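S.K.: File upload.txt follows (compact mmCIF, C-alpha atoms):
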```txt
# COMPACT_ATOMS: atom_id res chain seq x y z
CA MET A 24 -32.99 68.16 3.54
CA THR A 25 -29.46 67.23 2.42
CA VAL A 26 -30.10 63.57 3.21
CA GLY A 27 -33.29 63.67 1.13
CA PHE A 28 -31.50 65.13 -1.89
CA ILE A 29 -28.78 62.49 -1.64
CA ALA A 30 -31.49 59.80 -1.40
CA LEU A 31 -33.07 61.20 -4.57
CA ASN A 32 -29.67 61.25 -6.26
CA MET A 33 -29.04 57.62 -5.38
CA PHE A 34 -32.51 56.58 -6.59
CA LEU A 35 -31.80 58.33 -9.90
CA VAL A 36 -28.42 56.57 -10.11
CA VAL A 37 -30.11 53.21 -9.55
CA LEU A 38 -32.84 54.05 -12.08
CA GLY A 39 -30.19 54.99 -14.64
CA ASN A 40 -28.19 51.84 -13.98
CA VAL A 41 -31.27 49.64 -14.37
CA THR A 42 -32.88 51.36 -17.38
CA ASP A 43 -29.58 51.92 -19.21
CA TYR A 44 -27.86 48.79 -17.95
CA GLY A 45 -25.36 48.47 -20.78
CA THR A 46 -23.71 51.87 -20.45
CA ASN A 47 -22.39 51.50 -16.92
CA GLU A 48 -21.89 47.76 -17.30
CA ALA A 49 -19.44 48.64 -20.08
CA PHE A 50 -17.72 51.00 -17.65
CA VAL A 51 -17.34 48.22 -15.06
CA LYS A 52 -16.20 45.79 -17.77
CA HIS A 53 -13.44 48.09 -19.05
CA VAL A 54 -12.21 49.05 -15.56
CA LEU A 55 -11.99 45.41 -14.50
CA ALA A 56 -10.38 44.37 -17.81
CA MET A 57 -7.81 47.19 -17.52
CA ASP A 58 -7.90 47.35 -21.31
CA THR A 59 -7.31 51.10 -21.52
CA THR A 60 -4.57 51.40 -18.90
CA PHE A 61 -0.96 51.88 -19.85
CA GLY A 62 0.84 50.03 -17.04
CA LYS A 63 1.62 46.57 -18.38
CA GLU A 64 3.12 45.39 -15.10
CA LEU A 65 -0.30 45.57 -13.42
CA LYS A 66 -2.28 43.68 -16.07
CA TRP A 67 -2.18 40.49 -14.00
CA ARG A 68 -4.89 42.13 -11.87
CA ALA A 69 -7.34 42.32 -14.78
CA ILE A 70 -10.64 40.44 -14.65
CA THR A 71 -12.29 39.66 -17.97
CA SER A 72 -14.90 37.09 -16.96
CA PRO A 73 -18.36 38.23 -18.11
CA ALA A 74 -19.89 36.46 -15.11
CA VAL A 75 -17.70 38.39 -12.67
CA VAL A 76 -18.48 41.67 -14.44
CA THR A 77 -22.20 40.96 -14.10
CA ILE A 78 -21.86 40.01 -10.43
CA VAL A 79 -19.85 43.15 -9.64
CA TYR A 80 -22.23 45.43 -11.53
CA VAL A 81 -25.38 43.94 -9.98
CA ALA A 82 -23.74 44.17 -6.54
CA ILE A 83 -23.00 47.86 -7.15
CA ILE A 84 -26.63 48.50 -8.15
CA LEU A 85 -27.96 46.64 -5.10
CA TRP A 86 -25.56 48.53 -2.81
CA GLU A 87 -26.72 51.85 -4.29
CA ALA A 88 -30.38 50.83 -3.94
CA ILE A 89 -29.97 49.85 -0.29
CA SER A 90 -28.23 53.15 0.45
CA ALA A 91 -31.09 55.02 -1.26
CA VAL A 92 -33.66 53.17 0.85
CA LEU A 93 -31.75 53.90 4.06
CA LEU A 94 -31.41 57.58 3.15
CA THR A 95 -35.11 57.76 2.33
CA ALA A 96 -35.95 56.16 5.68
CA GLY A 97 -33.69 58.74 7.35
CA THR A 98 -35.42 61.58 5.52
CA ILE A 99 -38.87 60.31 6.54
CA ALA A 100 -37.71 59.92 10.14
CA TYR A 101 -36.39 63.51 10.11
CA LEU A 102 -39.74 64.75 8.78
CA ARG A 103 -41.53 62.87 11.57
CA GLY A 104 -39.24 64.35 14.21
CA LYS A 105 -37.59 61.03 15.11
CA GLU A 106 -34.03 62.32 15.16
CA ASP A 107 -32.32 59.26 16.65
CA SER A 108 -33.82 56.96 14.02
CA ALA A 109 -33.10 59.55 11.33
CA ARG A 110 -29.44 59.75 12.32
CA THR A 111 -29.14 55.98 12.35
CA PHE A 112 -30.67 55.50 8.90
CA ALA A 113 -28.93 58.52 7.37
CA SER A 114 -25.55 57.52 8.80
CA ALA A 115 -25.90 53.96 7.50
CA GLY A 116 -26.84 55.17 4.01
CA LEU A 117 -24.10 57.80 3.89
CA LEU A 118 -21.48 55.34 5.14
CA MET A 119 -22.56 52.91 2.41
CA ILE A 120 -21.99 55.67 -0.16
CA MET A 121 -18.57 56.37 1.33
CA ALA A 122 -17.69 52.67 1.24
CA LEU A 123 -18.83 52.30 -2.38
CA PHE A 124 -17.28 55.43 -3.84
CA LEU A 125 -14.14 55.73 -1.69
CA GLY A 126 -13.52 52.05 -1.04
CA GLY A 127 -14.93 50.59 -4.24
CA PHE A 128 -14.41 53.15 -6.97
CA ILE A 129 -11.45 55.25 -5.84
CA THR A 130 -9.46 52.59 -3.96
CA ILE A 131 -10.25 49.33 -5.73
CA GLY A 132 -11.19 50.70 -9.17
CA GLY A 133 -8.78 53.62 -9.14
CA GLU A 134 -5.73 51.99 -7.63
CA TRP A 135 -6.07 48.21 -7.85
CA PHE A 136 -7.45 48.27 -11.40
CA ALA A 137 -5.49 51.44 -12.29
CA MET A 138 -8.60 53.29 -13.47
CA TRP A 139 -6.69 56.54 -13.01
CA GLN A 140 -4.59 55.60 -16.05
CA SER A 141 -7.57 55.44 -18.41
CA LYS A 142 -8.63 58.41 -20.51
CA ASP A 143 -11.91 56.74 -21.45
CA TRP A 144 -12.99 54.82 -18.34
CA ASN A 145 -11.96 57.00 -15.40
CA GLY A 146 -14.65 57.61 -12.78
CA ILE A 147 -12.43 58.98 -10.03
CA ALA A 148 -13.71 62.57 -10.32
CA ALA A 149 -17.35 61.45 -10.12
CA ALA A 150 -16.55 59.14 -7.20
CA LEU A 151 -14.70 61.92 -5.39
CA ARG A 152 -17.73 64.16 -5.84
CA MET A 153 -19.95 61.55 -4.17
CA VAL A 154 -17.45 61.00 -1.34
CA THR A 155 -17.33 64.75 -0.72
CA ILE A 156 -21.11 65.12 -0.72
CA ALA A 157 -21.69 62.08 1.51
CA GLY A 158 -18.90 63.11 3.89
CA PHE A 159 -20.29 66.63 4.19
CA ALA A 160 -23.78 65.27 4.84
CA LEU A 161 -22.45 62.83 7.43
CA ILE A 162 -20.85 65.72 9.31
CA LEU A 163 -24.09 67.69 9.14
CA VAL A 164 -26.09 64.72 10.42
CA HIS A 165 -23.86 64.45 13.48
CA LEU A 166 -23.40 68.17 14.11
CA SER A 167 -27.07 69.02 14.20
CA PRO A 168 -28.33 69.55 17.76
CA ARG A 169 -30.22 66.75 19.46
CA ARG A 170 -33.67 67.53 20.72
CA ALA A 171 -34.47 66.77 24.31
CA THR A 172 -36.65 63.66 24.60
CA GLN A 173 -39.38 63.35 27.16
```
Now that the file is in, can you turn its structure into structure tokens?
M.R.:
Amino acid sequence: MTVGFIALNMFLVVLGNVTDYGTNEAFVKHVLAMDTTFGKELKWRAITSPAVVTIVYVAIILWEAISAVLLTAGTIAYLRGKEDSARTFASAGLLMIMALFLGGFITIGGEWFAMWQSKDWNGIAAALRMVTIAGFALILVHLSPRRATQ
């Protein structure tokens, strides 16, 4: 059930990113531009190319969509009693979420682009929430007992 709710969450995230493209594109633009950070010594890391912003944002949306599809496949496999397939799909989707939110948003956005310094464009708390949820679900997926196969 947890995997299904996370799949739904990711589908809603993708839907929001597609139907309200400009809002989160602006977020990506400002994080990459480092235009609201206070550390001048790090500004050489900034990326202001509109093409790069678009590529990064579309890649994020695609990554989120693929994770949603994998989590949905895992949920369907769980409902059909195919636990090995369910674990495989769920694990792949949850690891993609961990990679995006821990690796992409917290590590690259938060540290490399100093997002933590911004009062206006700081997504670390939201990213940490997703890492926590995905990590908890990943533990649950691998702690649940395996059924005997015949």
S.K.: Just the number, please: distance in Å from CA of Lys63 in chain A to CA of Tyr80 in chain A, one decimal.
M.R.: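 CA of Tyr80 in chain A lies 24.8 Å from CA of Lys63 in chain A.
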S.K.: Could you check the closest approach to Thr46 in chain A for each of A:Trp144, A:Trp135, A:Phe61, A:Phe128 and tell me which residue wins, using all atoms listed in the file?
M.R.: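 For Thr46 in chain A, the nearest of the candidates is A:Trp144.
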S.K.: Could you list, as a list in words, every residue within 12 Å of Trp139 in chain A, counting all atoms listed in the file and ignoring same-chain residues fewer than 2 positions away?
M.R.: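 Surrounding residues, per the criterion: Val54, Met57, Thr59, Thr60, Phe61, Gly62, Phe128, Ile129, Thr130, Ile131, Gly132, Gly133, Glu134, Trp135, Phe136, Ala137, Ser141, Lys142, Asp143, Trp144, Asn145, Gly146, Ile147, Ala148 and Ala150 of chain A.
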S.K.: Please measure the separation of CA of Ser72 in chain A and CA of His53 in chain A, giving the value in Å to one decimal.
M.R.: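 Atom-to-atom, CA of Ser72 in chain A to CA of His53 in chain A, that is 11.3 Å.
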S.K.: For CA of Ile70 in chain A and CA of Ala149 in chain A, quote the distance in Å rounded to one decimal.
M.R.: 22.5 Å
S.K.: Go through range 109-167 of chain A residue by residue and, counting only C-alpha atoms, keep those with an atom at most 10 Å from range 101-105 of chain A; for each kept residue give the shortest atom pair and its distance in Å to one decimal, ordered by chain and increasing number, as a tab-separated table.
M.R.:
```
residue	atom	partner	partner_atom	distance
A:Ala109	CA	A:Tyr101	CA	5.3
A:Arg110	CA	A:Tyr101	CA	8.2
A:Phe112	CA	A:Tyr101	CA	9.9
A:Ala113	CA	A:Tyr101	CA	9.4
```
S.K.: Nearest to Lys52 in chain A: which of A:Val76, A:Phe124, A:Val81, A:Phe159 is it, counting only C-alpha atoms?
M.R.: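 Residue with the minimum atom-to-atom distance to Lys52 in chain A: A:Val76.
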S.K.: From the set A:Leu166, A:Ile84, A:Ala115, A:Ala91, which residue has the shortest atom-to-atom contact distance to Met33 in chain A, counting all atoms listed in the file?
M.R.: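 Closest to Met33 in chain A of all the choices is A:Ala91.
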S.K.: Between A:Met119, A:Asp43, A:Leu94, A:Gly158, which one has atoms that come closest to Val26 in chain A, using all atoms listed in the file?
M.R.: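 So, comparing all the options, the nearest one is A:Leu94.
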S.K.: Given all atoms listed in the file as the basis, pick out the residue of A:Ile156, A:Val79, A:Val41, A:Val164 nearest to Thr111 in chain A.
M.R.: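 Closest residue, counting all atoms listed in the file: A:Val164.
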S.K.: Between A:Ala30, A:Leu163, A:Ala82, A:Met153, which residue has the minimum interatomic distance to Thr95 in chain A, considering only C-alpha atoms?
M.R.: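 Using only C-alpha atoms, the shortest distance to Thr95 in chain A belongs to A:Ala30.
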S.K.: Give as number ranges by chain each residue that has an atom at most 10 Å from (-34.0, 49.3, -5.3) in the file, counting all atoms listed in the file.
M.R.: A: 33-34, 37-38, 41, 84-92
S.K.: Can you pull out the residues contacting Gly27 in chain A? Cut-off 9 Å, using only C-alpha atoms, and skip same-chain residues under 2 positions away; I want them as a list in words.
M.R.: Met24, Thr25, Ile29, Ala30, Leu31, Asn32, Leu94, Thr95, Gly97, Thr98 and Ile99 of chain A
